[in-house]
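The file entry-v9.cif comes next; it holds mmCIF, C-alpha atoms.
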data_protein
#
loop_
_atom_site.label_atom_id
_atom_site.label_comp_id
_atom_site.auth_asym_id
_atom_site.auth_seq_id
_atom_site.Cartn_x
_atom_site.Cartn_y
_atom_site.Cartn_z
CA MET A 1 -174.14 -118.46 -81.39
CA ILE A 2 -172.32 -116.65 -78.60
CA ASP A 3 -174.76 -114.95 -76.25
CA LYS A 4 -173.52 -113.94 -72.81
CA PHE A 5 -176.70 -112.17 -71.77
CA VAL A 6 -178.50 -113.94 -68.91
CA PRO A 7 -182.18 -113.38 -68.08
CA ASP A 8 -181.85 -112.10 -64.52
CA ILE A 9 -179.57 -111.49 -61.57
CA ASP A 10 -180.15 -114.94 -60.07
CA ALA A 11 -178.82 -116.50 -63.27
CA ALA A 12 -175.90 -114.09 -63.27
CA LEU A 13 -174.86 -115.12 -59.73
CA ASP A 14 -175.24 -118.83 -60.35
CA GLY A 15 -172.41 -120.92 -58.92
CA ILE A 16 -171.24 -118.52 -56.22
CA GLY A 17 -171.05 -120.51 -53.01
CA ASP A 18 -169.67 -120.45 -49.49
CA GLY A 19 -165.98 -119.58 -49.21
CA ALA A 20 -165.75 -117.92 -52.62
CA THR A 21 -163.26 -115.14 -53.37
CA ILE A 22 -165.07 -112.29 -55.09
CA MET A 23 -163.86 -109.03 -56.59
CA ILE A 24 -166.35 -106.16 -56.52
CA GLY A 25 -165.76 -103.20 -58.81
CA GLY A 26 -166.28 -99.56 -58.01
CA PHE A 27 -164.64 -96.63 -56.30
CA GLY A 28 -166.82 -95.97 -53.29
CA ALA A 29 -170.35 -95.92 -54.64
CA VAL A 30 -169.25 -95.05 -58.20
CA GLY A 31 -169.20 -97.99 -60.57
CA GLN A 32 -170.20 -100.57 -57.98
CA PRO A 33 -172.69 -103.18 -59.26
CA HIS A 34 -175.12 -102.50 -56.41
CA ALA A 35 -177.90 -104.76 -57.69
CA LEU A 36 -175.53 -107.74 -57.90
CA VAL A 37 -174.11 -107.13 -54.41
CA ASP A 38 -177.55 -106.66 -52.86
CA ALA A 39 -178.78 -109.90 -54.47
CA LEU A 40 -175.68 -111.72 -53.27
CA ALA A 41 -176.47 -110.61 -49.72
CA GLU A 42 -179.80 -112.40 -49.90
CA ARG A 43 -178.22 -115.79 -50.60
CA GLY A 44 -177.18 -116.66 -47.04
CA LEU A 45 -173.55 -117.32 -47.96
CA ARG A 46 -170.69 -117.70 -45.49
CA GLY A 47 -166.90 -117.40 -45.50
CA LEU A 48 -166.56 -115.02 -48.44
CA THR A 49 -163.33 -113.15 -49.21
CA ILE A 50 -164.09 -109.79 -50.80
CA ILE A 51 -161.56 -107.80 -52.83
CA ALA A 52 -162.65 -104.20 -53.35
CA ASN A 53 -161.31 -100.67 -53.21
CA ASN A 54 -163.24 -99.93 -50.04
CA ALA A 55 -165.45 -101.75 -47.56
CA GLY A 56 -168.60 -99.95 -48.57
CA ALA A 57 -170.87 -97.33 -47.04
CA ASP A 58 -173.92 -97.67 -44.86
CA PHE A 59 -176.45 -97.09 -47.63
CA GLY A 60 -176.11 -100.65 -48.94
CA GLY A 61 -173.88 -103.02 -50.83
CA LEU A 62 -171.09 -104.66 -48.86
CA PRO A 63 -172.46 -103.74 -45.41
CA LYS A 64 -175.48 -105.92 -46.19
CA LEU A 65 -173.15 -108.88 -46.70
CA MET A 66 -171.31 -108.03 -43.48
CA GLU A 67 -174.48 -107.70 -41.42
CA ARG A 68 -175.52 -111.18 -42.54
CA GLY A 69 -172.18 -112.68 -41.52
CA ALA A 70 -171.28 -113.60 -45.09
CA ILE A 71 -167.79 -112.08 -45.22
CA ARG A 72 -164.76 -113.67 -43.60
CA LYS A 73 -162.12 -111.29 -44.99
CA VAL A 74 -161.90 -108.00 -46.85
CA VAL A 75 -158.93 -107.01 -49.00
CA CYS A 76 -159.17 -103.26 -49.63
CA SER A 77 -157.55 -99.83 -49.47
CA TYR A 78 -160.26 -97.94 -47.60
CA PRO A 79 -162.16 -99.78 -44.85
CA ARG A 80 -164.07 -96.54 -44.27
CA ALA A 81 -164.75 -94.58 -47.45
CA THR A 82 -165.56 -91.27 -45.69
CA PRO A 83 -165.54 -90.12 -42.06
CA GLY A 84 -168.37 -91.93 -40.33
CA ALA A 85 -169.30 -94.08 -43.32
CA ASN A 86 -169.73 -97.78 -42.65
CA LYS A 87 -168.89 -97.29 -38.96
CA ALA A 88 -171.79 -99.43 -37.75
CA THR A 89 -170.82 -102.36 -39.95
CA PHE A 90 -167.21 -102.97 -40.91
CA GLU A 91 -165.52 -101.09 -38.08
CA ASN A 92 -167.56 -102.72 -35.34
CA LEU A 93 -167.13 -106.18 -36.84
CA TYR A 94 -163.40 -105.68 -37.25
CA THR A 95 -162.81 -104.39 -33.72
CA ALA A 96 -164.84 -107.33 -32.40
CA GLY A 97 -162.60 -109.75 -34.29
CA LYS A 98 -165.44 -111.00 -36.49
CA ILE A 99 -163.94 -110.02 -39.83
CA GLU A 100 -160.38 -110.00 -41.19
CA LEU A 101 -158.75 -107.09 -43.02
CA GLU A 102 -155.86 -107.09 -45.47
CA LEU A 103 -155.04 -103.42 -45.94
CA VAL A 104 -153.40 -102.65 -49.30
CA PRO A 105 -152.24 -99.25 -50.60
CA GLN A 106 -154.53 -98.20 -53.43
CA GLY A 107 -151.93 -98.20 -56.20
CA THR A 108 -150.63 -101.55 -55.06
CA LEU A 109 -154.16 -102.95 -54.97
CA ALA A 110 -154.76 -101.81 -58.55
CA GLU A 111 -151.46 -103.26 -59.71
CA ARG A 112 -151.96 -106.58 -57.92
CA ILE A 113 -155.29 -106.95 -59.71
CA ARG A 114 -153.87 -105.84 -63.06
CA ALA A 115 -150.95 -108.24 -62.65
CA ALA A 116 -153.34 -111.14 -62.19
CA GLY A 117 -155.03 -110.34 -65.47
CA ALA A 118 -151.68 -109.99 -67.23
CA GLY A 119 -150.39 -113.33 -65.95
CA ILE A 120 -147.74 -111.74 -63.71
CA PRO A 121 -147.55 -113.73 -60.45
CA ALA A 122 -145.73 -111.13 -58.37
CA PHE A 123 -143.78 -107.86 -58.57
CA PHE A 124 -141.58 -105.60 -56.45
CA THR A 125 -142.72 -102.11 -55.42
CA PRO A 126 -141.28 -99.46 -53.08
CA THR A 127 -144.77 -98.66 -51.79
CA GLY A 128 -145.09 -99.81 -48.18
CA ALA A 129 -141.44 -100.84 -47.86
CA GLY A 130 -140.14 -100.21 -44.37
CA THR A 131 -143.64 -99.99 -42.87
CA LYS A 132 -145.89 -102.40 -41.02
CA LEU A 133 -147.52 -103.30 -44.34
CA ALA A 134 -144.25 -104.96 -45.37
CA GLU A 135 -143.88 -107.12 -42.27
CA GLY A 136 -143.36 -110.77 -43.17
CA LYS A 137 -142.88 -110.02 -46.88
CA GLU A 138 -139.79 -110.49 -49.00
CA THR A 139 -137.82 -107.30 -49.68
CA ARG A 140 -134.85 -106.38 -51.82
CA MET A 141 -132.99 -103.34 -53.12
CA VAL A 142 -133.98 -102.38 -56.66
CA ASN A 143 -132.15 -99.45 -58.29
CA GLY A 144 -131.12 -98.26 -54.87
CA ARG A 145 -134.60 -98.36 -53.36
CA LEU A 146 -135.97 -100.82 -50.84
CA CYS A 147 -138.87 -102.70 -52.43
CA VAL A 148 -141.37 -105.24 -51.18
CA LEU A 149 -142.66 -108.28 -53.04
CA GLU A 150 -146.40 -108.17 -53.72
CA HIS A 151 -148.36 -111.07 -55.17
CA ALA A 152 -151.04 -110.82 -57.83
CA LEU A 153 -154.66 -110.93 -56.66
CA PHE A 154 -156.87 -113.52 -58.32
CA ALA A 155 -160.53 -114.25 -57.65
CA GLU A 156 -163.03 -116.92 -58.54
CA PHE A 157 -165.65 -114.29 -59.42
CA ALA A 158 -165.65 -110.61 -60.36
CA LEU A 159 -168.82 -108.54 -60.07
CA ILE A 160 -168.45 -105.40 -62.17
CA GLU A 161 -170.57 -102.57 -63.56
CA ALA A 162 -170.45 -101.46 -67.20
CA TRP A 163 -172.28 -98.87 -69.27
CA GLU A 164 -172.89 -100.77 -72.53
CA ALA A 165 -172.66 -104.45 -73.46
CA ASP A 166 -173.36 -106.58 -76.51
CA ARG A 167 -174.13 -110.29 -76.58
CA TRP A 168 -170.47 -111.18 -77.02
CA GLY A 169 -169.73 -109.47 -73.70
CA ASN A 170 -167.86 -106.46 -75.09
CA LEU A 171 -168.10 -103.65 -72.54
CA THR A 172 -167.81 -99.88 -72.37
CA TYR A 173 -167.77 -97.75 -69.22
CA ARG A 174 -169.19 -94.33 -68.45
CA ARG A 175 -166.66 -91.75 -67.28
CA VAL A 176 -165.11 -92.59 -63.90
CA GLY A 177 -167.26 -95.74 -63.69
CA ARG A 178 -164.36 -97.57 -65.34
CA ASN A 179 -162.15 -97.41 -62.18
CA PHE A 180 -161.50 -100.91 -60.75
CA ASN A 181 -164.04 -102.58 -63.01
CA GLN A 182 -161.68 -102.79 -65.96
CA PRO A 183 -158.73 -104.61 -64.29
CA MET A 184 -161.02 -106.85 -62.23
CA ALA A 185 -162.71 -108.13 -65.39
CA SER A 186 -159.53 -109.93 -66.42
CA ALA A 187 -158.44 -111.09 -62.96
CA ALA A 188 -161.21 -113.58 -62.18
CA THR A 189 -162.21 -117.02 -63.40
CA VAL A 190 -165.82 -115.88 -63.90
CA THR A 191 -166.60 -112.24 -64.66
CA ILE A 192 -170.20 -111.08 -64.25
CA ALA A 193 -171.13 -107.65 -65.59
CA LEU A 194 -174.16 -105.52 -64.75
CA ALA A 195 -174.68 -103.27 -67.80
CA HIS A 196 -176.99 -100.28 -68.15
CA ARG A 197 -177.32 -100.34 -71.92
CA ARG A 198 -177.87 -103.32 -74.21
CA ARG A 199 -176.40 -102.99 -77.67
CA GLU A 200 -176.58 -105.20 -80.75
CA LEU A 201 -173.41 -106.54 -82.34
CA GLY A 202 -171.75 -103.79 -84.32
CA GLU A 203 -173.45 -100.93 -82.46
CA ILE A 204 -170.46 -100.41 -80.18
CA ASP A 205 -167.53 -98.81 -81.94
CA PRO A 206 -164.61 -101.26 -81.61
CA ASP A 207 -162.39 -98.35 -80.56
CA ALA A 208 -164.77 -97.70 -77.64
CA VAL A 209 -164.60 -101.24 -76.26
CA VAL A 210 -162.61 -101.18 -73.02
CA THR A 211 -163.15 -104.77 -71.85
CA PRO A 212 -163.31 -107.30 -74.71
CA GLY A 213 -165.86 -110.08 -74.38
CA LEU A 214 -162.99 -112.53 -74.06
CA PHE A 215 -162.83 -111.59 -70.36
CA VAL A 216 -166.58 -111.61 -69.67
CA ASN A 217 -168.66 -114.69 -68.89
CA ARG A 218 -172.11 -113.29 -68.11
CA VAL A 219 -173.94 -110.01 -68.64
CA VAL A 220 -177.18 -109.00 -66.97
CA ILE A 221 -178.98 -105.83 -67.97
CA ALA A 222 -179.91 -103.38 -65.20
CA GLU A 223 -183.50 -102.37 -64.68
CA ASP A 224 -182.78 -98.83 -65.93
CA ALA A 225 -181.63 -100.16 -69.31
CA ALA A 226 -182.43 -98.24 -72.45
#
Translate the structure of the given file into structure tokens.
Amino acid sequence: MIDKFVPDIDAALDGIGDGATIMIGGFGAVGQPHALVDALAERGLRGLTIIANNAGADFGGLPKLMERGAIRKVVCSYPRATPGANKATFENLYTAGKIELELVPQGTLAERIRAAGAGIPAFFTPTGAGTKLAEGKETRMVNGRLCVLEHALFAEFALIEAWEADRWGNLTYRRVGRNFNQPMASAATVTIALAHRRRELGEIDPDAVVTPGLFVNRVVIAEDAA
């Protein structure tokens, strides 16, 4: 019998070690699996590479990992989600040379993640061509426009948030909570979902399933589950 539900967050995070590359879903605070990230921060890990839309905000999540020296590199679009947010963590660490940053335009970040899930190793895009973001990258003219070669982004683990899940790992999302969670689910070797509603097989309308269980390895139910 297929059952991807795990009993708790510790079981969900099993196998994540030093040096891992981890995708973390969410757009700012929306759709981020906060309980998973907070628990990860308590594990004393080192050398992590984090792929996320932004580097977090001071209320929790990624800054906790940064404060504990767990993160070596961040790949993101927004190192500071809002003016003043995360200033005491990411910005200070970055200016002190204690953390690396790979800055990626948001659309390119989304497409690099989606490409990984689709089995596309690389693609050309005009975004960033002719700017510092294109330095050292291959470029070529495509339909009269200068384009830069961008490589797909893969990860060993993806930590995502979902609204509903069944024991096969089929997931739905609530409103804008889908954001980066959907493409990240298919771009990692091990996808771990924090779901807010547990459903029995057949309770989720197949037309409502956004991420099929094929892409999900573990599901843990959040404490607010109904």
Put the listed atoms of region 42-54 of chain A in a box along x, y and z with 3 Å added on every side and give me the centre and edge lengths in Å to one decimal, as lines of an AutoDock Vina configuration file.
center_x = -170.6
center_y = -108.8
center_z = -49.4
size_x = 24.5
size_y = 23.8
size_z = 13.9
* To do: List, as a VMD selection string, every residue that the PyMOL selection byres ((chain A and resi 110-122) around 9) selects in the file provided.
  => chain A and resid 53 105 to 109 123 to 124 149 to 154 180 182 to 188
* Which is closer to Gly28 (chain A) than all the others in A:Leu159, A:Asn92, A:Asp8, A:Asn179, using all atoms listed in the file? ->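 Among the listed residues, A:Asn179 lies closest to Gly28 (chain A).
Closest approach to Arg174 (chain A) among A:Glu100, A:Ala208, A:Glu67, A:Asn143: A:Ala208, based on all atoms listed in the file.
Considering the residues A:Val74, A:Cys147, A:Ala162, A:Val142 and counting all atoms listed in the file, Phe90 (chain A) has its shortest atom-to-atom contact with A:Val74.
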* For Leu45 (chain A): contacts at 9 Å, all atoms listed in the file, fewer than 5 positions along chain excluded, given as a ChimeraX atom specification -> /A:16-19,40,65,68-71
Residue selection dump (C-alpha atoms) as a PDB file, in the coordinates of the input:
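Ended up saving to result_29.pdb:
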ATOM      1  CA  ILE A  16    -171.240-118.520 -56.220  1.00  0.00           C
ATOM      2  CA  GLY A  17    -171.050-120.510 -53.010  1.00  0.00           C
ATOM      3  CA  ASP A  18    -169.670-120.450 -49.490  1.00  0.00           C
ATOM      4  CA  GLY A  19    -165.980-119.580 -49.210  1.00  0.00           C
ATOM      5  CA  LEU A  40    -175.680-111.720 -53.270  1.00  0.00           C
ATOM      6  CA  LEU A  65    -173.150-108.880 -46.700  1.00  0.00           C
ATOM      7  CA  ARG A  68    -175.520-111.180 -42.540  1.00  0.00           C
ATOM      8  CA  GLY A  69    -172.180-112.680 -41.520  1.00  0.00           C
ATOM      9  CA  ALA A  70    -171.280-113.600 -45.090  1.00  0.00           C
ATOM     10  CA  ILE A  71    -167.790-112.080 -45.220  1.00  0.00           C
TER      11      ILE A  71
END
* Mind telling me what the PyMOL selection byres ((chain A and resi 173) around 8) catches here, as a VMD selection string? -> chain A and resid 161 to 164 171 to 172 174 to 178 210
* Asked: Between CA of Arg72 (chain A) and CA of Thr21 (chain A), what is the distance, to one decimal in Å?
  ->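 Separation of CA of Arg72 (chain A) and CA of Thr21 (chain A): 10.0 Å.
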* Where does the PyMOL selection byres ((chain A and resi 212) around 7) land in this file, that is, which residues does it pick, as a list in words? ->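 Listing what the PyMOL selection byres ((chain A and resi 212) around 7) selects in the shown file: Gly169, Asn170, Leu171, Val209, Val210, Thr211, Gly213, Leu214 and Phe215 of chain A.
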* To do: Identify the residues around (-141.1, -100.2, -44.6) within a radius of 12 Å, measuring from all atoms listed in the file in the coordinates stated by the file, and give them as a PyMOL selection string.
  => chain A and resi 125-140+145-149
* Asked: Between A:Lys98, A:Arg218, A:Lys4, A:His196, which one has atoms that come closest to Phe157 (chain A), using all atoms listed in the file?
  ->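 Ranked by minimum distance to Phe157 (chain A), first place goes to A:Arg218.
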* Asked: Nearest to Gly56 (chain A): which of A:Gly144, A:Gly44, A:Gly202, A:Gly25 is it, counting all atoms listed in the file?
  ->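 Once distances to Gly56 (chain A) are computed over all atoms listed in the file, the minimum belongs to A:Gly25.
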* To one decimal in Å, tell me the separation between CA of Leu36 (chain A) and CA of Gly61 (chain A). =>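 These atoms are spaced 8.7 Å apart.
The nearest approach to Ile2 (chain A) among the residues A:Ala20, A:Glu200, A:Asn181, A:Arg167, with all atoms listed in the file taken into account, belongs to A:Arg167.
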* Pairwise distance for CA of Arg199 (chain A) and CA of Ala165 (chain A), rounded to one decimal in Å ->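 Going from CA of Arg199 (chain A) over to CA of Ala165 (chain A) covers 5.8 Å.
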* Protein, DNA and RNA residues within 9 Å of (-166.2, -100.8, -50.0), only C-alpha atoms, as a list in words ->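 Within the cut-off we find Ile24, Gly26, Phe27, Gly28, Ala29, Gln32, Ile51, Ala52, Asn53, Asn54, Ala55, Gly56, Ala57, Gly61, Leu62, Pro63, Val74, Cys76, Ser77, Tyr78, Pro79, Arg80, Ala81 and Asn86 of chain A.
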Could I get region 184-195 of chain A from the block written out with all heavy atoms, as a short mmCIF file (atom, residue, chain, number, x, y, z; two decimals), in the first residue's frame?
data_model
loop_
_atom_site.label_atom_id
_atom_site.label_comp_id
_atom_site.auth_asym_id
_atom_site.auth_seq_id
_atom_site.Cartn_x
_atom_site.Cartn_y
_atom_site.Cartn_z
N MET A 184 8.80 23.52 -7.99
CA MET A 184 9.86 22.92 -7.16
C MET A 184 9.58 21.46 -6.86
O MET A 184 10.51 20.66 -6.72
CB MET A 184 10.01 23.71 -5.86
CG MET A 184 10.71 25.04 -6.02
SD MET A 184 10.89 25.89 -4.43
CE MET A 184 11.88 27.32 -4.94
N ALA A 185 8.31 21.09 -6.79
CA ALA A 185 7.95 19.71 -6.46
C ALA A 185 8.51 18.71 -7.46
O ALA A 185 8.81 17.56 -7.09
CB ALA A 185 6.43 19.57 -6.39
N SER A 186 8.68 19.13 -8.70
CA SER A 186 9.17 18.21 -9.73
C SER A 186 10.64 18.41 -10.06
O SER A 186 11.16 17.75 -10.95
CB SER A 186 8.34 18.35 -11.01
OG SER A 186 8.39 19.68 -11.50
N ALA A 187 11.32 19.31 -9.35
CA ALA A 187 12.71 19.64 -9.67
C ALA A 187 13.70 19.12 -8.64
O ALA A 187 14.87 19.50 -8.67
CB ALA A 187 12.86 21.15 -9.82
N ALA A 188 13.26 18.26 -7.75
CA ALA A 188 14.14 17.74 -6.70
C ALA A 188 14.10 16.22 -6.66
O ALA A 188 13.13 15.59 -7.10
CB ALA A 188 13.73 18.31 -5.34
N THR A 189 15.15 15.65 -6.14
CA THR A 189 15.20 14.19 -5.98
C THR A 189 14.20 13.73 -4.93
O THR A 189 13.51 12.72 -5.11
CB THR A 189 16.62 13.74 -5.58
OG1 THR A 189 17.54 14.19 -6.59
CG2 THR A 189 16.70 12.23 -5.48
N VAL A 190 14.11 14.48 -3.82
CA VAL A 190 13.18 14.16 -2.74
C VAL A 190 12.33 15.39 -2.46
O VAL A 190 12.86 16.44 -2.09
CB VAL A 190 13.92 13.72 -1.46
CG1 VAL A 190 12.92 13.46 -0.32
CG2 VAL A 190 14.77 12.48 -1.71
N THR A 191 11.02 15.26 -2.63
CA THR A 191 10.10 16.36 -2.37
C THR A 191 9.32 16.08 -1.09
O THR A 191 8.71 15.02 -0.95
CB THR A 191 9.14 16.56 -3.54
OG1 THR A 191 9.88 16.98 -4.69
CG2 THR A 191 8.08 17.61 -3.22
N ILE A 192 9.37 17.04 -0.18
CA ILE A 192 8.73 16.91 1.13
C ILE A 192 7.68 18.00 1.25
O ILE A 192 7.98 19.19 1.17
CB ILE A 192 9.78 17.06 2.26
CG1 ILE A 192 10.88 16.02 2.09
CG2 ILE A 192 9.12 16.94 3.63
CD1 ILE A 192 12.15 16.33 2.88
N ALA A 193 6.43 17.61 1.44
CA ALA A 193 5.33 18.56 1.48
C ALA A 193 4.75 18.69 2.89
O ALA A 193 4.50 17.68 3.55
CB ALA A 193 4.23 18.15 0.51
N LEU A 194 4.54 19.93 3.30
CA LEU A 194 3.80 20.23 4.53
C LEU A 194 2.39 20.59 4.09
O LEU A 194 2.18 21.59 3.41
CB LEU A 194 4.45 21.40 5.27
CG LEU A 194 3.72 21.89 6.52
CD1 LEU A 194 3.94 20.91 7.68
CD2 LEU A 194 4.19 23.29 6.91
N ALA A 195 1.41 19.77 4.45
CA ALA A 195 0.02 19.98 4.02
C ALA A 195 -0.84 20.38 5.20
O ALA A 195 -0.63 19.94 6.34
CB ALA A 195 -0.53 18.73 3.36
#
